[in-house]
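Asker: Dropping in work-v8.txt, with compact mmCIF, C-alpha atoms and all ligand atoms.
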```
# COMPACT_ATOMS: atom_id res chain seq x y z
CA MET A 1 77.99 27.52 58.60
CA LYS A 2 77.16 25.53 55.49
CA GLN A 3 79.46 26.32 52.63
CA SER A 4 76.67 26.15 50.06
CA HIS A 5 74.97 28.93 52.03
CA LEU A 6 78.09 31.13 52.05
CA PHE A 7 77.60 33.67 49.27
CA THR A 8 81.33 34.12 48.67
CA LYS A 9 83.28 31.79 46.42
CA THR A 10 86.98 31.04 46.20
CA ARG A 11 88.91 31.79 43.06
CA ARG A 12 92.06 30.23 41.63
CA GLU A 13 93.49 33.20 39.78
CA VAL A 14 95.62 35.73 41.63
CA PRO A 15 94.14 39.25 41.40
CA SER A 16 96.40 41.07 38.96
CA ASP A 17 96.25 44.42 40.77
CA GLU A 18 97.55 43.11 44.12
CA VAL A 19 101.23 42.62 44.91
CA ALA A 20 100.80 41.82 48.61
CA LYS A 21 100.40 38.17 49.54
CA ASN A 22 97.84 38.98 52.24
CA ALA A 23 95.51 40.73 49.79
CA GLN A 24 95.97 38.07 47.11
CA LEU A 25 95.05 35.24 49.48
CA LEU A 26 92.28 37.07 51.32
CA ILE A 27 90.64 38.01 48.01
CA ARG A 28 91.08 34.54 46.50
CA ALA A 29 89.55 32.91 49.60
CA GLY A 30 86.65 35.39 49.65
CA PHE A 31 87.56 36.96 53.00
CA VAL A 32 87.69 40.51 51.69
CA HIS A 33 86.51 42.43 48.65
CA LYS A 34 88.61 45.21 47.19
CA GLU A 35 86.74 48.45 46.52
CA MET A 36 89.77 50.48 45.43
CA ALA A 37 93.43 50.78 46.40
CA GLY A 38 93.61 50.69 50.20
CA VAL A 39 89.90 50.07 50.77
CA TYR A 40 88.48 46.61 51.43
CA SER A 41 85.11 45.31 52.57
CA MET A 42 85.11 42.47 55.09
CA LEU A 43 83.10 39.46 53.90
CA PRO A 44 81.65 36.78 56.22
CA LEU A 45 84.82 34.69 56.69
CA GLY A 46 87.07 37.76 56.95
CA LEU A 47 84.73 39.39 59.43
CA ARG A 48 84.79 36.29 61.63
CA THR A 49 88.56 36.49 61.87
CA LEU A 50 88.57 40.25 62.42
CA ARG A 51 85.97 39.88 65.20
CA LYS A 52 88.19 37.34 66.94
CA ILE A 53 91.13 39.71 66.81
CA GLU A 54 88.88 42.49 68.14
CA ALA A 55 87.62 40.25 70.95
CA ILE A 56 91.17 39.50 72.08
CA VAL A 57 92.07 43.19 71.98
CA ARG A 58 88.87 44.08 73.87
CA GLU A 59 89.51 41.50 76.59
CA GLU A 60 93.03 42.79 77.15
CA MET A 61 92.02 46.45 77.19
CA ASP A 62 89.10 45.79 79.56
CA GLY A 63 91.56 43.78 81.65
CA ILE A 64 93.76 46.83 82.31
CA GLY A 65 90.81 48.98 83.29
CA ALA A 66 90.09 50.83 80.04
CA GLN A 67 86.46 51.67 79.22
CA GLU A 68 85.11 51.01 75.75
CA THR A 69 83.37 53.75 73.78
CA ARG A 70 82.41 54.32 70.15
CA MET A 71 83.46 57.81 69.24
CA ALA A 72 82.31 59.75 66.21
CA THR A 73 84.30 59.39 63.00
CA LEU A 74 82.74 62.46 61.38
CA HIS A 75 84.49 65.25 63.27
CA PRO A 76 83.82 68.96 63.62
CA SER A 77 86.70 71.00 62.22
CA GLU A 78 87.01 73.28 65.27
CA PRO A 79 89.06 71.00 67.58
CA TRP A 80 91.30 70.05 64.63
CA LYS A 81 91.94 73.73 64.04
CA MET A 82 92.65 74.27 67.74
CA THR A 83 95.29 71.51 67.84
CA GLY A 84 96.85 72.46 64.51
CA GLY A 85 95.93 69.08 63.04
CA TRP A 86 93.67 70.63 60.41
CA ASP A 87 96.70 71.91 58.50
CA GLY A 88 99.41 69.83 60.15
CA VAL A 89 98.22 66.23 59.69
CA ASP A 90 98.95 65.30 56.08
CA VAL A 91 96.81 62.13 56.09
CA LEU A 92 93.67 63.86 57.40
CA PHE A 93 90.67 63.57 55.08
CA LYS A 94 88.57 66.73 55.09
CA LEU A 95 85.21 67.35 53.55
CA GLN A 96 82.72 70.10 53.05
CA SER A 97 78.95 69.96 53.47
CA ARG A 98 76.32 71.44 51.15
CA THR A 99 76.22 74.44 53.45
CA GLU A 100 79.99 74.77 53.21
CA LYS A 101 80.58 73.59 56.73
CA GLU A 102 83.90 71.76 57.13
CA TYR A 103 84.46 68.36 58.69
CA ALA A 104 87.35 66.01 59.32
CA ILE A 105 87.14 62.23 59.11
CA GLY A 106 88.73 60.43 62.05
CA GLN A 107 92.32 59.28 61.49
CA SER A 108 92.95 59.34 65.26
CA GLU A 109 90.69 60.68 68.00
CA GLU A 110 92.61 62.98 70.33
CA GLU A 111 90.46 65.91 69.13
CA ILE A 112 87.29 64.04 70.15
CA VAL A 113 88.36 62.13 73.25
CA THR A 114 90.04 65.04 75.02
CA PRO A 115 86.86 67.20 75.15
CA ILE A 116 84.77 64.14 76.13
CA VAL A 117 87.00 63.18 79.05
CA GLY A 118 87.49 66.86 79.90
CA GLU A 119 83.77 67.21 80.46
CA TYR A 120 83.66 64.48 83.11
CA ALA A 121 87.09 64.09 84.71
CA ARG A 122 87.31 67.52 86.34
CA SER A 123 89.12 66.46 89.53
CA TYR A 124 92.37 64.63 90.28
CA LYS A 125 90.17 62.01 91.97
CA GLU A 126 88.83 60.95 88.56
CA LEU A 127 92.30 60.30 87.14
CA PRO A 128 93.92 58.21 85.81
CA LEU A 129 91.29 57.41 83.23
CA MET A 130 91.60 55.18 80.16
CA VAL A 131 89.09 55.01 77.31
CA TYR A 132 89.27 53.15 74.05
CA GLN A 133 87.34 52.13 70.98
CA ILE A 134 87.61 49.62 68.17
CA GLY A 135 86.54 50.86 64.78
CA GLN A 136 87.39 52.33 61.41
CA LYS A 137 90.04 54.95 60.70
CA TYR A 138 90.52 56.93 57.52
CA ARG A 139 93.86 58.19 56.25
CA ASP A 140 94.94 59.77 53.01
CA GLU A 141 97.93 57.43 52.68
CA LEU A 142 100.15 58.03 49.65
CA ARG A 143 101.02 54.37 49.12
CA ALA A 144 98.55 51.53 49.50
CA LYS A 145 100.39 48.49 48.15
CA SER A 146 100.48 46.33 51.25
CA GLY A 147 96.94 44.99 51.01
CA ILE A 148 95.02 45.23 54.28
CA MET A 149 98.26 46.08 56.09
CA ARG A 150 98.04 49.68 54.85
CA GLY A 151 94.56 50.88 54.12
CA ARG A 152 93.04 54.27 53.46
CA GLU A 153 90.17 52.89 55.52
CA PHE A 154 91.25 50.36 58.14
CA GLY A 155 90.48 48.88 61.54
CA MET A 156 92.17 50.19 64.65
CA LYS A 157 91.85 49.96 68.39
CA ASP A 158 92.75 53.32 69.84
CA MET A 159 93.05 53.93 73.56
CA TYR A 160 93.74 57.21 75.35
CA SER A 161 94.91 57.63 78.92
CA PHE A 162 94.89 60.72 81.15
CA HIS A 163 97.20 61.12 84.16
CA THR A 164 98.09 63.58 86.88
CA SER A 165 101.84 62.97 86.56
CA GLN A 166 104.51 61.65 84.24
CA GLU A 167 105.25 58.87 86.76
CA ASP A 168 101.67 57.73 86.52
CA PHE A 169 101.84 57.63 82.71
CA ASP A 170 105.07 55.58 82.96
CA ARG A 171 103.41 53.21 85.45
CA PHE A 172 100.45 52.69 83.14
CA TYR A 173 102.62 52.38 80.03
CA ALA A 174 104.35 49.39 81.62
CA ILE A 175 100.94 47.76 82.21
CA ALA A 176 99.69 48.57 78.70
CA LYS A 177 102.90 47.19 77.18
CA GLU A 178 102.31 43.81 78.83
CA ALA A 179 98.68 43.78 77.65
CA TYR A 180 99.83 44.59 74.12
CA LEU A 181 102.35 41.77 74.16
CA ARG A 182 99.59 39.40 75.33
CA VAL A 183 97.41 40.49 72.38
CA TYR A 184 100.16 39.53 69.93
CA THR A 185 100.99 36.26 71.65
CA ARG A 186 97.32 35.31 71.69
CA THR A 187 97.05 35.96 67.95
CA GLY A 188 100.05 33.67 67.42
CA LEU A 189 102.55 36.45 66.68
CA VAL A 190 105.74 37.55 68.37
CA ALA A 191 106.21 41.30 68.70
CA LYS A 192 109.30 43.29 69.64
CA VAL A 193 109.02 46.70 71.28
CA THR A 194 111.25 49.51 70.06
CA GLU A 195 113.04 51.73 72.54
CA ALA A 196 111.39 55.10 73.17
CA SER A 197 112.13 57.37 70.24
CA GLY A 198 111.33 60.94 69.33
CA GLY A 199 110.72 63.42 72.09
CA SER A 200 112.18 66.55 70.53
CA PHE A 201 109.97 69.65 70.49
CA SER A 202 108.21 68.67 67.28
CA GLU A 203 108.15 64.93 67.87
CA LYS A 204 106.19 62.81 70.29
CA ILE A 205 107.89 60.03 72.25
CA SER A 206 106.77 56.73 70.81
CA TYR A 207 107.15 53.02 71.40
CA GLU A 208 106.44 50.75 68.45
CA PHE A 209 105.36 47.10 68.51
CA MET A 210 106.97 45.29 65.60
CA VAL A 211 106.40 41.84 64.11
CA LEU A 212 109.17 40.53 61.85
CA THR A 213 107.78 40.00 58.35
CA ASP A 214 109.17 40.73 54.91
CA ALA A 215 105.80 42.27 54.09
CA GLY A 216 106.41 45.08 56.59
CA GLU A 217 107.34 48.65 55.75
CA ASP A 218 109.74 49.27 58.63
CA THR A 219 113.31 48.18 59.23
CA ILE A 220 114.49 47.43 62.72
CA LEU A 221 117.73 46.54 64.49
CA TYR A 222 117.38 44.10 67.34
CA CYS A 223 119.50 42.14 69.80
CA SER A 224 118.98 38.41 70.13
CA ALA A 225 120.46 38.30 73.65
CA CYS A 226 118.16 40.90 75.25
CA ASP A 227 114.93 42.71 74.31
CA TYR A 228 116.66 45.71 72.69
CA CYS A 229 114.99 46.81 69.46
CA THR A 230 115.06 50.08 67.55
CA ASN A 231 113.61 51.45 64.32
CA VAL A 232 116.47 52.24 61.88
CA GLU A 233 114.65 55.47 60.95
CA VAL A 234 115.51 56.79 64.42
CA ALA A 235 118.47 54.62 65.32
CA GLY A 236 121.05 57.40 64.84
CA ASP A 237 124.47 55.97 63.99
CA LEU A 238 123.72 52.39 65.07
CA LYS A 239 124.39 49.76 62.41
CA GLU A 240 123.81 46.07 61.85
CA GLY A 241 126.61 43.94 63.31
CA GLU A 242 127.46 46.48 66.03
CA ASN A 243 127.32 45.41 69.65
CA CYS A 244 123.97 45.84 71.39
CA PRO A 245 123.99 49.23 73.18
CA LYS A 246 121.87 47.77 76.00
CA CYS A 247 123.51 44.48 76.97
CA GLY A 248 126.65 44.39 74.80
CA GLY A 249 126.12 40.65 74.66
CA SER A 250 125.25 40.23 71.03
CA LYS A 251 125.58 41.88 67.64
CA LEU A 252 122.57 43.74 66.25
CA THR A 253 120.54 42.04 63.53
CA LYS A 254 118.66 43.98 60.87
CA ALA A 255 115.17 42.85 59.83
CA VAL A 256 112.08 44.05 58.01
CA ALA A 257 109.05 44.37 60.27
CA SER A 258 105.49 45.62 60.42
CA GLU A 259 104.30 48.03 63.09
CA VAL A 260 101.27 46.34 64.62
CA GLY A 261 100.92 48.76 67.50
CA ASN A 262 102.19 52.08 68.74
CA VAL A 263 102.14 54.02 72.00
CA PHE A 264 102.67 57.78 72.14
CA ASP A 265 103.52 59.78 75.21
CA LEU A 266 101.62 62.92 74.23
CA GLY A 267 102.45 65.02 77.27
CA GLN A 268 100.04 67.94 77.81
CA ARG A 269 99.80 68.91 74.15
CA TYR A 270 96.12 68.06 73.54
CA PRO A 271 94.73 69.15 76.92
CA LYS A 272 96.52 72.49 76.43
CA ALA A 273 95.25 72.99 72.88
CA LEU A 274 91.71 71.97 73.82
CA ASN A 275 91.55 73.69 77.23
CA TYR A 276 91.14 70.66 79.45
CA THR A 277 92.27 71.18 83.04
CA TYR A 278 91.45 69.30 86.22
CA LYS A 279 91.46 70.48 89.83
CA ALA A 280 94.44 69.12 91.77
CA GLU A 281 94.44 68.35 95.51
CA ASP A 282 95.83 71.81 96.25
CA GLY A 283 92.88 73.41 94.47
CA SER A 284 94.78 74.68 91.44
CA ASP A 285 94.15 73.77 87.81
CA TYR A 286 96.49 71.53 85.82
CA TYR A 287 96.62 70.01 82.38
CA PRO A 288 96.64 66.20 82.47
CA ILE A 289 99.41 64.13 80.86
CA MET A 290 98.04 62.07 78.02
CA GLY A 291 98.99 58.86 76.25
CA CYS A 292 97.59 57.23 73.14
CA TYR A 293 97.82 53.55 72.25
CA GLY A 294 96.98 52.10 68.84
CA ILE A 295 96.70 48.57 67.53
CA GLY A 296 96.04 48.04 63.84
CA THR A 297 93.41 45.28 63.94
CA THR A 298 93.19 44.83 60.16
CA ARG A 299 96.96 45.18 59.83
CA LEU A 300 97.32 42.43 62.45
CA MET A 301 95.06 40.22 60.33
CA GLY A 302 97.23 40.90 57.27
CA VAL A 303 100.42 40.19 59.21
CA ALA A 304 98.96 36.87 60.40
CA VAL A 305 98.26 35.89 56.78
CA GLU A 306 101.78 36.88 55.72
CA THR A 307 103.39 35.07 58.66
CA PHE A 308 101.60 31.73 58.50
CA ALA A 309 100.56 31.19 54.86
CA ASP A 310 102.20 28.46 52.79
CA GLU A 311 102.15 27.71 49.05
CA LYS A 312 98.63 26.24 49.30
CA GLY A 313 96.97 29.15 51.06
CA MET A 314 96.32 30.70 54.44
CA VAL A 315 97.04 28.99 57.75
CA TRP A 316 95.11 30.52 60.66
CA PRO A 317 96.14 30.11 64.27
CA LYS A 318 93.26 28.61 66.22
CA SER A 319 92.58 31.82 68.17
CA ILE A 320 91.72 33.88 65.08
CA ALA A 321 90.55 31.30 62.55
CA PRO A 322 87.12 31.96 60.98
CA ALA A 323 86.09 28.50 62.27
CA GLN A 324 87.82 25.74 64.20
CA VAL A 325 86.79 22.83 62.01
CA HIS A 326 86.41 22.52 58.26
CA LEU A 327 84.09 19.57 57.83
CA ILE A 328 84.14 18.07 54.35
CA GLU A 329 81.70 15.45 53.19
CA LEU A 330 82.61 13.29 50.21
CA SER A 331 79.31 11.49 49.86
CA GLY A 332 79.13 11.59 46.06
CA GLY A 333 75.38 11.14 46.52
CA ASP A 334 75.62 8.32 49.09
CA ALA A 335 72.81 8.99 51.61
CA ALA A 336 74.48 7.16 54.51
CA VAL A 337 77.65 9.25 54.18
CA LYS A 338 75.65 12.46 53.91
CA ALA A 339 73.63 11.53 57.02
CA LYS A 340 76.83 10.76 58.95
CA ALA A 341 78.34 14.14 58.00
CA ASP A 342 75.12 16.01 58.85
CA GLU A 343 75.03 14.31 62.23
CA LEU A 344 78.65 15.23 62.99
CA TYR A 345 77.96 18.84 61.94
CA ALA A 346 75.01 19.03 64.34
CA ASP A 347 76.96 17.41 67.19
CA LEU A 348 79.94 19.74 66.78
CA MET A 349 77.72 22.81 66.67
CA LYS A 350 75.94 21.62 69.81
CA ALA A 351 79.31 21.25 71.54
CA GLY A 352 80.17 24.88 70.71
CA VAL A 353 82.63 24.18 67.92
CA GLU A 354 82.61 26.61 65.01
CA VAL A 355 82.31 24.60 61.82
CA LEU A 356 82.48 25.44 58.16
CA TYR A 357 80.64 22.53 56.55
CA ASP A 358 81.47 21.82 52.93
CA GLU A 359 78.42 19.87 51.75
CA ARG A 360 78.65 21.16 48.18
CA ASP A 361 78.31 18.74 45.31
CA MET A 362 81.89 19.07 44.10
CA ARG A 363 84.96 16.91 43.46
CA ALA A 364 87.15 16.01 46.44
CA GLY A 365 90.19 17.72 44.89
CA GLU A 366 88.34 21.02 44.57
CA LYS A 367 87.05 20.84 48.13
CA PHE A 368 90.53 20.13 49.50
CA ALA A 369 92.06 22.96 47.47
CA ASP A 370 89.45 25.38 48.86
CA SER A 371 90.05 24.06 52.35
CA ASP A 372 93.80 24.61 52.02
CA LEU A 373 93.22 28.13 50.72
CA ILE A 374 90.80 29.10 53.50
CA GLY A 375 93.17 27.72 56.16
CA ILE A 376 90.92 26.49 58.98
CA PRO A 377 93.11 24.65 61.54
CA LEU A 378 91.43 21.22 61.58
CA ARG A 379 89.94 19.44 58.56
CA VAL A 380 87.60 16.52 59.15
CA VAL A 381 86.61 14.35 56.20
CA VAL A 382 83.51 12.16 56.09
CA GLY A 383 83.48 9.63 53.25
CA LYS A 384 82.61 6.02 52.51
CA LYS A 385 85.60 4.93 54.59
CA THR A 386 84.12 6.66 57.64
CA ILE A 387 81.09 4.38 57.44
CA GLU A 388 83.29 1.29 57.04
CA THR A 389 85.76 2.05 59.85
CA GLY A 390 83.70 4.28 62.13
CA GLN A 391 86.64 6.70 62.24
CA PHE A 392 86.89 10.30 61.07
CA GLU A 393 89.90 11.29 58.99
CA CYS A 394 91.47 14.51 60.34
CA VAL A 395 94.22 16.73 58.95
CA ARG A 396 95.95 19.64 60.65
CA ARG A 397 96.26 22.52 58.21
CA GLN A 398 99.45 23.83 59.80
CA THR A 399 101.54 20.66 59.75
CA GLY A 400 99.72 18.42 57.30
CA GLU A 401 99.64 15.75 60.02
CA SER A 402 96.75 13.33 59.48
CA PHE A 403 95.13 11.14 62.12
CA LEU A 404 91.87 9.39 62.97
CA LEU A 405 89.35 10.36 65.64
CA PRO A 406 86.38 8.21 66.70
CA ASP A 407 83.59 10.69 67.40
CA ALA A 408 82.31 14.24 67.85
CA ALA A 409 83.56 14.40 71.45
CA ALA A 410 87.15 13.63 70.42
CA ILE A 411 86.95 16.12 67.54
CA THR A 412 85.53 18.78 69.86
CA LYS A 413 88.34 18.22 72.32
CA ASP A 414 90.95 18.50 69.59
CA ALA A 415 89.34 21.56 67.97
CA LEU A 416 88.89 23.54 71.15
CA TYR A 417 91.74 22.48 73.40
CA VAL A 418 94.69 20.79 71.64
P1 LIG B 1 102.74 53.66 60.10
O1 LIG B 1 104.09 54.17 60.49
O2 LIG B 1 102.75 52.23 59.69
O3 LIG B 1 102.06 54.57 59.12
P2 LIG B 1 101.52 55.10 62.24
O4 LIG B 1 102.71 55.48 63.04
O5 LIG B 1 100.93 56.08 61.33
O6 LIG B 1 101.87 53.74 61.42
P3 LIG B 1 99.55 55.11 64.36
O7 LIG B 1 99.04 56.42 63.97
O8 LIG B 1 100.25 55.01 65.64
O9 LIG B 1 100.42 54.47 63.18
O10 LIG B 1 98.36 54.05 64.32
C1 LIG B 1 98.27 52.97 65.25
C2 LIG B 1 98.38 51.63 64.55
O11 LIG B 1 97.43 51.54 63.49
C3 LIG B 1 99.71 51.37 63.87
O12 LIG B 1 100.64 50.85 64.78
C4 LIG B 1 99.34 50.34 62.82
O13 LIG B 1 99.31 49.04 63.39
C5 LIG B 1 97.94 50.75 62.44
N1 LIG B 1 97.92 51.54 61.18
C6 LIG B 1 98.39 52.78 60.98
N2 LIG B 1 98.17 53.19 59.73
C7 LIG B 1 97.52 52.16 59.11
C8 LIG B 1 97.01 51.96 57.80
N3 LIG B 1 97.10 52.91 56.88
N4 LIG B 1 96.42 50.77 57.51
C9 LIG B 1 96.31 49.79 58.43
N5 LIG B 1 96.77 49.93 59.70
C10 LIG B 1 97.37 51.09 60.04
MG MG B 2 101.11 56.39 59.32
```
Take the structure in this file and express it as structure tokens.
Answerer:
Amino acid sequence: MKQSHLFTKTRREVPSDEVAKNAQLLIRAGFVHKEMAGVYSMLPLGLRTLRKIEAIVREEMDGIGAQETRMATLHPSEPWKMTGGWDGVDVLFKLQSRTEKEYAIGQSEEEIVTPIVGEYARSYKELPLMVYQIGQKYRDELRAKSGIMRGREFGMKDMYSFHTSQEDFDRFYAIAKEAYLRVYTRTGLVAKVTEASGGSFSEKISYEFMVLTDAGEDTILYCSACDYCTNVEVAGDLKEGENCPKCGGSKLTKAVASEVGNVFDLGQRYPKALNYTYKAEDGSDYYPIMGCYGIGTTRLMGVAVETFADEKGMVWPKSIAPAQVHLIELSGGDAAVKAKADELYADLMKAGVEVLYDERDMRAGEKFADSDLIGIPLRVVVGKKTIETGQFECVRRQTGESFLLPDAAAITKDALYV
């Protein structure tokens, strides 16, 4: 993509109404546009990154046998009334039509997915069954100060599983947990999983996937000797500095974290409320056991900004960067330099490298500042020196390391594989 063609522009000033680093940087770099508190539009560069996150999530969910759907986000009120969510879910947006019909706007999709699956999976032979979608969710959140990490409209992958027994849910949870951890690793993040919490009559059992970041809204206690981790909200009497209740081998550390995913063991609650039974082998009717599995795709994007950014701007891991190479020409009107840069751009595109090509007529300092702000992993500069030496000057955004590469093939190899 040519940067002169990109309709968004960077800006130097920090938006005065944003306290979160992720929102400040994403707005300054032209990745997102703020519509109001908690609501952001994705602009071309932001959408590229979000799509990469979604593609990773999709691959991992397909890989564990889940089937992708796109469920409605405008919901009839009836199933919400049947489950008690209409009055019980405080973040649910509700609206009324001209004819005074009532609707809910999707904040989660149990009320939609349960009747859908219930229509098809009528026999134990059809279970287990996992369906998911990647799309927008709407929640009437009270606070929206964390930028894209807490939106009133935000991106989420939500998956739902249906089982004939608790053992089968537990078996699948173990598989889903591994897939979740792969999603975070592939986006460059390290997530910890909290111990199962909740489970009283009014609460669902949940497992949370937490990434350590000061921008998060949760506080966790974790053990550095084993994988024990718990949310302090539900940790009971446990305190920082106490011995790990799981391995005893280390003292618990307290940290601020962001919940980038969540799994709920929903039991039979939704099938019961929405009258979904299947025929078991013995011919009798049973309610399936249900699980739901969320990943905040836009929150993940915000956490990645918070985790990797430095004082100059964003630093994207290769897997979710809006492009792999930021090509910058410093021709200053020199036709030979311009031709060399154009040729490299064409060669890289041909080789399947995603390139943001800064061919704007601007000072080098401004181009470099924009490049640092946007945070593409590899910067390649074409200037007069390139013509003299035949070498391309490269800089890694993450480390600042600079080095020379001889041609498009070497740059391609570095951009895609190193
Ligand atoms: P939180 O405790 O942060 O409000 P939650 O328990 O309400 O999260 P879920 O209902 O399980 O979250 O949603 C699944 C995932 O969607 C969460 O783990 C999180 O990553 C993401 N998420 C939830 N609410 C928001 C929001 N308002 N903005 C962005 N992402 C969100
Ligand atoms: Mg919430």
Asker: Within 9 Å of ligand MG 2 (chain B), counting only C-alpha atoms and all ligand atoms, which protein or nucleic acid residues do you find, written as a PyMOL selection string?
Answerer: chain A and resi 91+139+141+150
Asker: Residues within 6 Å of ligand LIG 1 (chain B) (all atoms listed in the file), as a list in words?
Answerer: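 Answer in the requested format: Met149, Arg150, Gly151, Arg152, Phe154, Met156, Glu259, Val260, Gly261, Asn262, Gly294, Ile295, Gly296 and Arg299 of chain A.
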Asker: Between A:Glu366, A:Asp372, A:Asp407, A:Glu60, which one has atoms that come closest to Thr185 of chain A, using all atoms listed in the file?
Answerer: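 Between A:Glu366, A:Asp372, A:Asp407, A:Glu60, the residue approaching Thr185 of chain A most closely is A:Glu60.
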Asker: Which polymer residues have any atom within 9 Å of an atom of segment 125-134 of chain A, counting all atoms listed in the file, with same-chain residues fewer than 4 positions away left out, as a PyMOL selection string?
Answerer: chain A and resi 54+57-58+61+64-71+113+117+120-121+155-164+168-169+172+279-281+288+293+297
Asker: Between A:Ala410, A:Ile116, A:Leu25, A:Cys223, which one has atoms that come closest to Gly46 of chain A, using only C-alpha atoms?
Answerer: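 Ranking A:Ala410, A:Ile116, A:Leu25, A:Cys223 by distance to Gly46 of chain A, first place goes to A:Leu25.
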Asker: Quick one, how far is atom CA of Asp370 of chain A from atom CA of Val355 of chain A?
Answerer: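 Spanning atom CA of Asp370 of chain A to atom CA of Val355 of chain A is a straight-line distance of 14.8 Å.
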Asker: At a cut-off of 8 Å from (94.1, 43.4, 54.9) in the coordinates of the file, what residues are picked up using all atoms listed in the file, written as a list in words?
Answerer: Asn22, Ala23, Leu26, Val32, Tyr40, Ser146, Gly147, Ile148, Met149, Arg150, Gly151, Thr298, Arg299, Met301 and Gly302 of chain A
Asker: If we count only C-alpha atoms and set the cut-off at 12 Å, which residues sit around Thr10 of chain A, ignoring sequence neighbours fewer than 2 positions away in its own chain? Please answer as a ChimeraX atom specification.
Answerer: /A:3,6-8,12-15,24-33,45,313,366-374
